[in-house]
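Source file start_24.cif; content: mmCIF, C-alpha atoms.
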data_structure
loop_
_atom_site.group_PDB
_atom_site.id
_atom_site.type_symbol
_atom_site.label_atom_id
_atom_site.label_comp_id
_atom_site.auth_asym_id
_atom_site.auth_seq_id
_atom_site.Cartn_x
_atom_site.Cartn_y
_atom_site.Cartn_z
ATOM 1 C CA MET A 570 -7.012 7.733 19.470
ATOM 2 C CA ALA A 571 -4.522 4.845 19.606
ATOM 3 C CA GLY A 572 -4.919 2.991 22.878
ATOM 4 C CA SER A 573 -8.522 4.126 23.349
ATOM 5 C CA TRP A 574 -10.525 3.977 20.133
ATOM 6 C CA TYR A 575 -8.319 1.268 18.640
ATOM 7 C CA PRO A 576 -5.328 -0.811 19.830
ATOM 8 C CA ASP A 577 -2.023 1.032 20.137
ATOM 9 C CA ALA A 578 0.192 -1.936 19.195
ATOM 10 C CA GLU A 579 0.684 -3.512 15.789
ATOM 11 C CA ALA A 580 -0.329 -7.102 16.525
ATOM 12 C CA PRO A 581 -3.729 -6.464 18.167
ATOM 13 C CA LEU A 582 -4.602 -3.688 15.719
ATOM 14 C CA ARG A 583 -3.802 -5.788 12.682
ATOM 15 C CA ALA A 584 -5.739 -8.683 14.190
ATOM 16 C CA ALA A 585 -8.779 -6.435 14.738
ATOM 17 C CA VAL A 586 -8.668 -4.993 11.218
ATOM 18 C CA THR A 587 -8.138 -8.435 9.689
ATOM 19 C CA SER A 588 -11.032 -9.844 11.704
ATOM 20 C CA HIS A 589 -13.415 -7.105 10.558
ATOM 21 C CA LEU A 590 -12.394 -7.570 6.923
ATOM 22 C CA ALA A 591 -12.694 -11.353 7.154
ATOM 23 C CA ALA A 592 -16.228 -11.034 8.524
ATOM 24 C CA VAL A 593 -17.380 -9.366 5.290
ATOM 25 C CA SER A 594 -19.083 -12.173 3.383
ATOM 26 C CA ASP A 595 -18.289 -13.100 -0.207
ATOM 27 C CA THR A 596 -21.693 -11.846 -1.336
ATOM 28 C CA ASP A 597 -21.006 -8.480 0.307
ATOM 29 C CA THR A 598 -17.659 -8.130 -1.459
ATOM 30 C CA ASP A 599 -18.980 -9.269 -4.821
ATOM 31 C CA THR A 600 -19.426 -5.658 -5.930
ATOM 32 C CA PRO A 601 -20.221 -5.012 -9.582
ATOM 33 C CA PHE A 602 -17.686 -2.185 -9.847
ATOM 34 C CA ARG A 603 -15.098 -2.027 -12.581
ATOM 35 C CA ASP A 604 -13.617 1.050 -10.887
ATOM 36 C CA ILE A 605 -14.213 2.551 -7.450
ATOM 37 C CA VAL A 606 -13.484 6.266 -7.271
ATOM 38 C CA ALA A 607 -14.778 6.988 -3.777
ATOM 39 C CA ILE A 608 -16.042 5.354 -0.613
ATOM 40 C CA ILE A 609 -18.024 6.496 2.393
ATOM 41 C CA ALA A 610 -16.936 5.049 5.739
ATOM 42 C CA PRO A 611 -17.748 5.743 9.411
ATOM 43 C CA HIS A 612 -15.300 6.913 12.066
ATOM 44 C CA ALA A 613 -16.358 5.732 15.533
ATOM 45 C CA GLY A 614 -14.298 3.463 17.765
ATOM 46 C CA LEU A 615 -13.022 0.457 15.856
ATOM 47 C CA VAL A 616 -15.133 -2.050 17.767
ATOM 48 C CA TYR A 617 -18.292 -0.088 16.913
ATOM 49 C CA SER A 618 -17.869 1.154 13.346
ATOM 50 C CA GLY A 619 -15.134 -1.211 12.194
ATOM 51 C CA PRO A 620 -17.540 -3.960 11.071
ATOM 52 C CA VAL A 621 -19.260 -1.450 8.764
ATOM 53 C CA ALA A 622 -16.130 0.359 7.553
ATOM 54 C CA ALA A 623 -14.660 -3.029 6.613
ATOM 55 C CA HIS A 624 -17.236 -3.350 3.826
ATOM 56 C CA ALA A 625 -15.970 -0.189 2.153
ATOM 57 C CA TYR A 626 -12.313 -1.108 2.539
ATOM 58 C CA GLN A 627 -12.778 -4.706 1.457
ATOM 59 C CA ALA A 628 -14.296 -3.339 -1.766
ATOM 60 C CA VAL A 629 -11.077 -1.440 -2.596
ATOM 61 C CA ALA A 630 -8.572 -3.955 -1.218
ATOM 62 C CA GLY A 631 -5.951 -4.866 -3.795
ATOM 63 C CA ARG A 632 -6.894 -2.090 -6.220
ATOM 64 C CA ALA A 633 -4.217 0.358 -7.382
ATOM 65 C CA TYR A 634 -4.500 4.038 -6.470
ATOM 66 C CA ASP A 635 -2.094 6.949 -6.833
ATOM 67 C CA VAL A 636 -3.428 8.689 -3.731
ATOM 68 C CA ALA A 637 -6.168 8.417 -1.123
ATOM 69 C CA VAL A 638 -7.721 11.774 -0.267
ATOM 70 C CA LEU A 639 -9.454 11.721 3.117
ATOM 71 C CA VAL A 640 -12.249 14.206 3.780
ATOM 72 C CA GLY A 641 -13.859 14.426 7.202
ATOM 73 C CA PRO A 642 -15.576 16.894 9.537
ATOM 74 C CA SER A 643 -13.919 18.823 12.341
ATOM 75 C CA HIS A 644 -15.212 17.752 15.749
ATOM 76 C CA HIS A 645 -13.050 19.934 18.014
ATOM 77 C CA VAL A 646 -11.908 23.075 16.180
ATOM 78 C CA GLY A 647 -14.201 25.633 14.588
ATOM 79 C CA PHE A 648 -13.019 27.355 11.410
ATOM 80 C CA ASP A 649 -14.094 28.276 7.905
ATOM 81 C CA GLY A 650 -12.912 26.403 4.840
ATOM 82 C CA VAL A 651 -10.866 23.204 4.692
ATOM 83 C CA ALA A 652 -7.733 22.369 6.697
ATOM 84 C CA ILE A 653 -4.977 20.403 4.979
ATOM 85 C CA TYR A 654 -1.903 18.766 6.491
ATOM 86 C CA PRO A 655 0.490 19.013 3.512
ATOM 87 C CA ARG A 656 3.732 17.301 4.545
ATOM 88 C CA GLY A 657 5.213 14.375 6.440
ATOM 89 C CA ALA A 658 3.245 11.341 7.550
ATOM 90 C CA PHE A 659 0.525 10.237 9.950
ATOM 91 C CA ASP A 660 1.867 7.630 12.346
ATOM 92 C CA THR A 661 -0.075 4.464 13.125
ATOM 93 C CA PRO A 662 0.721 1.219 14.974
ATOM 94 C CA LEU A 663 0.803 -0.389 11.511
ATOM 95 C CA GLY A 664 3.463 2.038 10.316
ATOM 96 C CA PRO A 665 3.511 5.601 8.981
ATOM 97 C CA VAL A 666 1.114 6.717 6.260
ATOM 98 C CA PRO A 667 2.930 9.314 4.116
ATOM 99 C CA VAL A 668 1.258 12.468 2.844
ATOM 100 C CA ALA A 669 1.297 12.956 -0.931
ATOM 101 C CA ALA A 670 2.933 16.382 -0.805
ATOM 102 C CA GLY A 671 2.656 17.044 -4.548
ATOM 103 C CA VAL A 672 -1.100 16.478 -4.579
ATOM 104 C CA ALA A 673 -1.447 18.536 -1.405
ATOM 105 C CA ASP A 674 0.399 21.434 -3.039
ATOM 106 C CA GLN A 675 -1.967 21.310 -6.000
ATOM 107 C CA LEU A 676 -5.021 21.297 -3.736
ATOM 108 C CA MET A 677 -3.756 24.320 -1.814
ATOM 109 C CA ARG A 678 -4.183 26.402 -4.952
ATOM 110 C CA ALA A 679 -7.894 26.394 -4.115
ATOM 111 C CA PRO A 680 -8.782 29.381 -1.900
ATOM 112 C CA CYS A 681 -10.943 27.234 0.373
ATOM 113 C CA ILE A 682 -8.037 24.954 1.392
ATOM 114 C CA ARG A 683 -5.353 26.140 3.797
ATOM 115 C CA ILE A 684 -2.807 24.816 6.258
ATOM 116 C CA HIS A 685 -4.312 24.601 9.746
ATOM 117 C CA PRO A 686 -2.349 22.044 11.816
ATOM 118 C CA THR A 687 -4.438 22.535 14.971
ATOM 119 C CA ALA A 688 -7.496 21.178 13.183
ATOM 120 C CA HIS A 689 -5.748 17.805 12.814
ATOM 121 C CA VAL A 690 -4.287 17.393 16.324
ATOM 122 C CA ARG A 691 -7.303 15.766 18.029
ATOM 123 C CA GLU A 692 -9.400 14.932 14.969
ATOM 124 C CA HIS A 693 -10.560 11.323 14.818
ATOM 125 C CA SER A 694 -12.615 11.430 11.604
ATOM 126 C CA LEU A 695 -9.516 10.896 9.467
ATOM 127 C CA GLU A 696 -7.460 8.945 11.983
ATOM 128 C CA MET A 697 -10.026 6.152 12.167
ATOM 129 C CA GLN A 698 -9.572 5.483 8.433
ATOM 130 C CA LEU A 699 -5.822 4.931 8.706
ATOM 131 C CA PRO A 700 -5.697 1.374 10.138
ATOM 132 C CA PHE A 701 -7.851 0.095 7.277
ATOM 133 C CA LEU A 702 -5.983 2.100 4.637
ATOM 134 C CA ARG A 703 -2.601 1.004 5.954
ATOM 135 C CA HIS A 704 -3.741 -2.623 5.817
ATOM 136 C CA VAL A 705 -5.567 -2.827 2.464
ATOM 137 C CA LEU A 706 -3.632 -0.150 0.515
ATOM 138 C CA PRO A 707 -0.236 -0.108 2.258
ATOM 139 C CA ASP A 708 1.596 1.709 -0.559
ATOM 140 C CA THR A 709 -0.957 4.464 -1.130
ATOM 141 C CA PRO A 710 -0.124 7.931 0.248
ATOM 142 C CA ILE A 711 -2.829 10.165 1.638
ATOM 143 C CA VAL A 712 -3.942 13.777 1.599
ATOM 144 C CA PRO A 713 -5.800 14.646 4.838
ATOM 145 C CA LEU A 714 -8.565 17.269 4.608
ATOM 146 C CA VAL A 715 -10.768 18.397 7.497
ATOM 147 C CA ILE A 716 -13.823 20.574 6.796
ATOM 148 C CA GLY A 717 -14.619 23.262 9.334
ATOM 149 C CA SER A 718 -17.976 24.968 8.884
ATOM 150 C CA GLN A 719 -19.758 22.729 6.386
ATOM 151 C CA GLU A 720 -21.535 25.439 4.428
ATOM 152 C CA ARG A 721 -22.661 25.157 0.809
ATOM 153 C CA GLU A 722 -19.961 27.482 -0.520
ATOM 154 C CA THR A 723 -17.195 25.435 1.089
ATOM 155 C CA ILE A 724 -18.701 22.091 0.074
ATOM 156 C CA LEU A 725 -19.013 23.077 -3.582
ATOM 157 C CA ALA A 726 -15.580 24.714 -3.675
ATOM 158 C CA LEU A 727 -14.001 21.601 -2.189
ATOM 159 C CA ALA A 728 -15.763 19.364 -4.711
ATOM 160 C CA GLU A 729 -14.437 21.516 -7.543
ATOM 161 C CA ALA A 730 -10.903 21.521 -6.117
ATOM 162 C CA LEU A 731 -10.876 17.747 -5.698
ATOM 163 C CA ALA A 732 -12.169 17.133 -9.225
ATOM 164 C CA GLY A 733 -9.715 19.545 -10.809
ATOM 165 C CA THR A 734 -6.660 18.366 -8.898
ATOM 166 C CA LEU A 735 -7.306 14.632 -9.154
ATOM 167 C CA ALA A 736 -8.121 14.569 -12.870
ATOM 168 C CA GLY A 737 -5.483 12.488 -14.617
ATOM 169 C CA LEU A 738 -4.707 10.477 -11.464
ATOM 170 C CA THR A 739 -6.211 7.263 -10.170
ATOM 171 C CA PRO A 740 -7.522 8.503 -6.824
ATOM 172 C CA LEU A 741 -9.559 7.036 -4.015
ATOM 173 C CA ILE A 742 -11.567 9.721 -2.221
ATOM 174 C CA VAL A 743 -12.765 8.766 1.255
ATOM 175 C CA ALA A 744 -15.702 10.581 2.844
ATOM 176 C CA SER A 745 -15.569 9.991 6.584
ATOM 177 C CA THR A 746 -18.915 10.380 8.301
ATOM 178 C CA ASP A 747 -21.249 8.838 10.826
ATOM 179 C CA LEU A 748 -24.986 9.244 10.298
ATOM 180 C CA SER A 749 -27.601 10.276 12.887
ATOM 181 C CA HIS A 750 -26.589 10.616 16.527
ATOM 182 C CA TYR A 751 -28.320 9.464 19.728
ATOM 183 C CA PHE A 752 -31.847 8.698 18.598
ATOM 184 C CA ASP A 753 -33.435 5.360 19.413
ATOM 185 C CA ALA A 754 -32.646 2.732 16.783
ATOM 186 C CA ASP A 755 -35.982 2.900 14.977
ATOM 187 C CA ARG A 756 -35.924 6.664 14.639
ATOM 188 C CA ALA A 757 -32.246 6.580 13.682
ATOM 189 C CA ALA A 758 -33.001 4.072 10.928
ATOM 190 C CA SER A 759 -35.680 6.416 9.608
ATOM 191 C CA PHE A 760 -33.296 9.394 9.479
ATOM 192 C CA ASP A 761 -30.472 7.290 8.114
ATOM 193 C CA GLY A 762 -32.644 5.689 5.455
ATOM 194 C CA VAL A 763 -33.080 9.101 3.836
ATOM 195 C CA VAL A 764 -29.311 9.561 3.596
ATOM 196 C CA ILE A 765 -28.765 6.033 2.335
ATOM 197 C CA ASP A 766 -31.326 6.556 -0.397
ATOM 198 C CA TYR A 767 -29.623 9.732 -1.643
ATOM 199 C CA VAL A 768 -26.266 7.963 -1.630
ATOM 200 C CA ALA A 769 -27.557 4.838 -3.390
ATOM 201 C CA ARG A 770 -29.251 6.979 -6.045
ATOM 202 C CA PHE A 771 -25.997 8.964 -6.404
ATOM 203 C CA ASP A 772 -27.786 12.230 -5.722
ATOM 204 C CA PRO A 773 -25.396 14.621 -3.941
ATOM 205 C CA ASP A 774 -27.608 17.631 -4.678
ATOM 206 C CA GLY A 775 -30.538 15.915 -3.001
ATOM 207 C CA LEU A 776 -28.350 15.032 -0.021
ATOM 208 C CA LEU A 777 -27.146 18.634 0.233
ATOM 209 C CA ALA A 778 -30.734 19.880 0.176
ATOM 210 C CA GLU A 779 -31.619 17.400 2.935
ATOM 211 C CA TYR A 780 -28.594 18.540 4.944
ATOM 212 C CA GLU A 781 -29.626 22.184 4.608
ATOM 213 C CA ARG A 782 -33.218 21.404 5.605
ATOM 214 C CA TYR A 783 -32.053 21.412 9.228
ATOM 215 C CA PRO A 784 -30.519 24.243 11.273
ATOM 216 C CA ALA A 785 -26.731 24.098 11.200
ATOM 217 C CA HIS A 786 -26.515 22.853 14.791
ATOM 218 C CA GLU A 787 -28.899 19.945 14.049
ATOM 219 C CA ARG A 788 -27.408 18.717 10.756
ATOM 220 C CA GLY A 789 -24.833 16.450 12.340
ATOM 221 C CA ARG A 790 -27.394 14.931 14.686
ATOM 222 C CA CYS A 791 -30.243 14.394 12.208
ATOM 223 C CA VAL A 792 -28.366 13.787 8.952
ATOM 224 C CA ALA A 793 -24.625 13.140 9.239
ATOM 225 C CA CYS A 794 -21.742 14.784 11.075
ATOM 226 C CA GLY A 795 -19.769 14.637 7.835
ATOM 227 C CA GLY A 796 -22.668 15.425 5.539
ATOM 228 C CA GLY A 797 -20.690 18.134 3.780
ATOM 229 C CA ALA A 798 -17.770 15.766 3.296
ATOM 230 C CA ALA A 799 -20.067 13.154 1.740
ATOM 231 C CA VAL A 800 -21.632 15.675 -0.639
ATOM 232 C CA ALA A 801 -18.266 17.096 -1.736
ATOM 233 C CA VAL A 802 -16.833 13.623 -2.307
ATOM 234 C CA MET A 803 -19.898 12.443 -4.223
ATOM 235 C CA LYS A 804 -19.832 15.495 -6.500
ATOM 236 C CA ALA A 805 -16.079 15.176 -7.117
ATOM 237 C CA ALA A 806 -16.421 11.452 -7.814
ATOM 238 C CA ALA A 807 -19.125 12.152 -10.390
ATOM 239 C CA THR A 808 -16.882 14.644 -12.187
ATOM 240 C CA LEU A 809 -14.049 12.105 -12.118
ATOM 241 C CA GLY A 810 -16.171 9.501 -13.892
ATOM 242 C CA ALA A 811 -18.121 7.654 -11.216
ATOM 243 C CA ARG A 812 -21.592 6.802 -12.479
ATOM 244 C CA GLU A 813 -23.073 4.408 -9.923
ATOM 245 C CA ALA A 814 -23.246 4.120 -6.168
ATOM 246 C CA ARG A 815 -23.921 1.214 -3.874
ATOM 247 C CA ALA A 816 -24.722 1.156 -0.183
ATOM 248 C CA LEU A 817 -22.671 -1.763 1.125
ATOM 249 C CA CYS A 818 -23.615 -1.932 4.802
ATOM 250 C CA TYR A 819 -25.640 -0.097 7.429
ATOM 251 C CA ALA A 820 -25.650 -0.689 11.160
ATOM 252 C CA ASP A 821 -25.812 1.264 14.398
ATOM 253 C CA SER A 822 -23.798 1.346 17.599
ATOM 254 C CA GLY A 823 -26.472 -0.630 19.413
ATOM 255 C CA ASP A 824 -25.655 -3.676 17.305
ATOM 256 C CA VAL A 825 -22.413 -3.843 19.301
ATOM 257 C CA SER A 826 -23.316 -2.267 22.643
ATOM 258 C CA GLY A 827 -26.785 -3.806 22.919
ATOM 259 C CA ASP A 828 -28.213 -0.393 23.846
ATOM 260 C CA LYS A 829 -30.786 0.589 21.223
ATOM 261 C CA THR A 830 -32.098 3.642 23.104
ATOM 262 C CA ALA A 831 -29.483 6.131 21.816
ATOM 263 C CA VAL A 832 -27.470 4.979 18.823
ATOM 264 C CA VAL A 833 -25.127 6.332 16.161
ATOM 265 C CA GLY A 834 -25.692 5.218 12.572
ATOM 266 C CA TYR A 835 -22.899 3.887 10.356
ATOM 267 C CA LEU A 836 -22.827 3.536 6.561
ATOM 268 C CA ALA A 837 -20.349 2.019 4.129
ATOM 269 C CA ALA A 838 -20.813 2.852 0.455
ATOM 270 C CA ALA A 839 -18.856 2.845 -2.799
ATOM 271 C CA LEU A 840 -19.056 5.039 -5.890
ATOM 272 C CA GLY A 841 -17.593 4.233 -9.278
ATOM 273 C CA ARG A 842 -18.380 2.511 -12.546
ATOM 274 C CA PHE A 843 -20.118 -0.828 -12.831
ATOM 275 C CA GLU A 844 -19.183 -3.502 -15.293
ATOM 276 C CA PRO A 845 -21.620 -3.177 -18.237
ATOM 277 C CA GLN A 846 -23.479 -6.399 -17.405
ATOM 278 C CA ALA A 847 -23.771 -5.416 -13.760
ATOM 279 C CA ARG A 848 -25.145 -2.018 -14.781
ATOM 280 C CA ARG A 849 -27.935 -3.604 -16.768
ATOM 281 C CA SER A 850 -28.783 -5.891 -13.848
ATOM 282 C CA GLN A 851 -28.772 -2.976 -11.441
ATOM 283 C CA GLU A 852 -31.089 -0.935 -13.654
ATOM 284 C CA SER A 853 -33.523 -3.820 -13.961
ATOM 285 C CA GLU A 854 -33.631 -4.352 -10.206
ATOM 286 C CA GLY A 855 -33.679 -0.672 -9.222
ATOM 287 C CA ARG A 856 -30.689 1.506 -8.363
ATOM 288 C CA SER A 857 -31.011 1.512 -4.596
ATOM 289 C CA GLN A 858 -29.256 -1.331 -2.813
ATOM 290 C CA LYS A 859 -30.420 -2.640 0.551
ATOM 291 C CA PRO A 860 -27.600 -2.336 3.107
ATOM 292 C CA CYS A 861 -26.524 -5.395 5.080
#

So that I can check it, write out the structure of this file as structure tokens.
Amino acid sequence: MAGSWYPDAEAPLRAAVTSHLAAVSDTDTDTPFRDIVAIIAPHAGLVYSGPVAAHAYQAVAGRAYDVAVLVGPSHHVGFDGVAIYPRGAFDTPLGPVPVAAGVADQLMRAPCIRIHPTAHVREHSLEMQLPFLRHVLPDTPIVPLVIGSQERETILALAEALAGTLAGLTPLIVASTDLSHYFDADRAASFDGVVIDYVARFDPDGLLAEYERYPAHERGRCVACGGGAAVAVMKAAATLGAREARALCYADSGDVSGDKTAVVGYLAAALGRFEPQARRSQESEGRSQKPC
């Protein structure tokens, strides 16, 4: 996607990422988290989803992680299970992002995860996370995972594999997903509000039930193209100790293009543990946070 969805040279790409991060206000970054185990971030072209994704990445900037595990949907290749790329590095204009081979090897013990290089060749759902990761967590290696058919069995198996493998590490798990696709902005906000509420209430089972309420071919359009990725990441994060979730920002493509007749929804969220005082404040005000 370099040269089309984001700049293909270091200087303009770093300037774009820096600009998006700088636009996140102090109140937006004043998250009450002691630890952040997982984030949800969108994956459209940088000019469209970058302003939203920046909220998630600003929240983890400067924190220390052993590995960032990226989980996103497959847009171009159909397959069952989860495709891993277990060795080497993903190149970016900001420099290579190495794969954490040891963690990848551990994950491949799960039957649902296998090597499938073709699934990664054209896939943008993970690639669009790399400029932000390379900028805010430059020393953190990744494990790239692409989900094929996002069925319940695969989602739950992936959640279990992530939780088991990452226990004992300090991981950041990234769920890459956009929300509803190509409805007018008002209808999109209605669909997306349901997803945001499940995320903010930290209810992956409710989100999975909502995802399965639609026929498989409509789930990406009406709920989220990476709905299975979000559910798996939320469930794994809960097992790894995350207790609270916060929706950090919501917007749609029309906020950039000006066309509100057929938009794509974007969400940034974080999951982890609040500071004790922040937890009490959150409980008194209600768990759900209004996105920006």

Problem set entry | Residue nearest Gly827 (chain A) - candidates A:Ala584, A:Ala754, A:Ala799, A:Val712, atoms counted: all atoms listed in the file | A:Ala754

Give me, as a Markdown table, the closest atom pair and its distance (Å, one decimal) for every residue of region 654-763 of chain A within a cut-off of 10 Å of region 777-781 of chain A, counting only C-alpha atoms, rows sorted by chain and rising number.
| residue | atom | partner | partner_atom | distance |
| --- | --- | --- | --- | --- |
| A:Gln719 | CA | A:Tyr780 | CA | 9.9 |
| A:Glu720 | CA | A:Glu781 | CA | 8.7 |
| A:Arg721 | CA | A:Leu777 | CA | 7.9 |
| A:Ile724 | CA | A:Leu777 | CA | 9.1 |
| A:Val763 | CA | A:Glu779 | CA | 8.5 |

Problem set entry | One-decimal distance in Å that lies between CA of Gly650 (chain A) and CA of Ala625 (chain A) | 26.9 Å

Problem set entry | Who sits within 9 Å of Pro667 (chain A), all atoms listed in the file, same chain under 4 positions skipped, as a PyMOL selection string | chain A and resi 656-660+709-712

Write a file of the selected residues as a compact mmCIF listing (two decimals), keeping the file's coordinate frame, keeping C-alpha atoms.
# COMPACT_ATOMS: atom_id res chain seq x y z
CA ARG A 656 3.73 17.30 4.54
CA GLY A 657 5.21 14.38 6.44
CA ALA A 658 3.24 11.34 7.55
CA PHE A 659 0.52 10.24 9.95
CA ASP A 660 1.87 7.63 12.35
CA THR A 709 -0.96 4.46 -1.13
CA PRO A 710 -0.12 7.93 0.25
CA ILE A 711 -2.83 10.16 1.64
CA VAL A 712 -3.94 13.78 1.60

Residues of region 584-693 of chain A within 8 Å of region 726-730 of chain A: nearest atom pair and distance (Å, one decimal) for each, counting all atoms listed in the file, sorted by chain and number, as a tab-separated table?
residue	atom	partner	partner_atom	distance
A:Val651	CA	A:Leu727	CA	7.7
A:Leu676	CA	A:Ala730	CA	6.3
A:Ala679	CA	A:Ala730	CA	6.1
A:Cys681	CA	A:Ala726	CA	6.7
A:Ile682	CA	A:Leu727	CA	7.7

For this session: Work out how far CA of Thr830 (chain A) is from CA of Cys794 (chain A), in Å to one decimal.
Result: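 So the two atoms, CA of Cys794 (chain A) and CA of Thr830 (chain A), lie 19.4 Å apart.
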
Problem set entry | Picked residues, the PyMOL selection byres ((chain A and resi 616) around 9), as a PyMOL selection string | chain A and resi 574-575+585+589+613-615+617-620+825

Exercise. Leaving out region 803-807 of chain A and any residue of its chain fewer than 2 positions from it, which residues lie within 10 Å of it when counting all atoms listed in the file, given as a count of residues only?
Worked result: 42

Exercise. From the set A:Ala630, A:Val792, A:Ala623, A:Ala831, which residue has the shortest atom-to-atom contact distance to Leu817 (chain A), counting only C-alpha atoms?
Worked result: A:Ala623

Missing atoms in region 814-828 of chain A need filling: write out N, CA and C atoms for it as an mmCIF file, keeping the file's coordinate frame.
data_model
loop_
_atom_site.group_PDB
_atom_site.id
_atom_site.type_symbol
_atom_site.label_atom_id
_atom_site.label_comp_id
_atom_site.auth_asym_id
_atom_site.auth_seq_id
_atom_site.Cartn_x
_atom_site.Cartn_y
_atom_site.Cartn_z
ATOM 1 N N ALA A 814 -23.554 4.204 -7.592
ATOM 2 C CA ALA A 814 -23.246 4.120 -6.168
ATOM 3 C C ALA A 814 -23.930 2.893 -5.584
ATOM 4 N N ARG A 815 -23.329 2.371 -4.550
ATOM 5 C CA ARG A 815 -23.921 1.214 -3.874
ATOM 6 C C ARG A 815 -23.709 1.336 -2.373
ATOM 7 N N ALA A 816 -24.808 1.251 -1.632
ATOM 8 C CA ALA A 816 -24.722 1.156 -0.183
ATOM 9 C C ALA A 816 -24.333 -0.272 0.163
ATOM 10 N N LEU A 817 -23.220 -0.429 0.852
ATOM 11 C CA LEU A 817 -22.671 -1.763 1.125
ATOM 12 C C LEU A 817 -23.097 -2.318 2.474
ATOM 13 N N CYS A 818 -23.266 -1.453 3.459
ATOM 14 C CA CYS A 818 -23.615 -1.932 4.802
ATOM 15 C C CYS A 818 -24.134 -0.774 5.637
ATOM 16 N N TYR A 819 -25.142 -1.057 6.445
ATOM 17 C CA TYR A 819 -25.640 -0.097 7.429
ATOM 18 C C TYR A 819 -25.826 -0.820 8.754
ATOM 19 N N ALA A 820 -25.437 -0.156 9.814
ATOM 20 C CA ALA A 820 -25.650 -0.689 11.160
ATOM 21 C C ALA A 820 -25.655 0.481 12.126
ATOM 22 N N ASP A 821 -25.898 0.205 13.389
ATOM 23 C CA ASP A 821 -25.812 1.264 14.398
ATOM 24 C C ASP A 821 -25.024 0.759 15.604
ATOM 25 N N SER A 822 -24.647 1.680 16.457
ATOM 26 C CA SER A 822 -23.798 1.346 17.599
ATOM 27 C C SER A 822 -24.452 0.339 18.528
ATOM 28 N N GLY A 823 -25.776 0.315 18.553
ATOM 29 C CA GLY A 823 -26.472 -0.630 19.413
ATOM 30 C C GLY A 823 -26.298 -2.072 18.995
ATOM 31 N N ASP A 824 -25.924 -2.307 17.742
ATOM 32 C CA ASP A 824 -25.655 -3.676 17.305
ATOM 33 C C ASP A 824 -24.454 -4.266 18.039
ATOM 34 N N VAL A 825 -23.580 -3.392 18.533
ATOM 35 C CA VAL A 825 -22.413 -3.843 19.301
ATOM 36 C C VAL A 825 -22.655 -3.698 20.792
ATOM 37 N N SER A 826 -23.156 -2.529 21.212
ATOM 38 C CA SER A 826 -23.316 -2.267 22.643
ATOM 39 C C SER A 826 -24.530 -2.970 23.245
ATOM 40 N N GLY A 827 -25.538 -3.247 22.421
ATOM 41 C CA GLY A 827 -26.785 -3.806 22.919
ATOM 42 C C GLY A 827 -27.773 -2.753 23.369
ATOM 43 N N ASP A 828 -27.352 -1.489 23.423
ATOM 44 C CA ASP A 828 -28.213 -0.393 23.846
ATOM 45 C C ASP A 828 -28.820 0.263 22.613
#
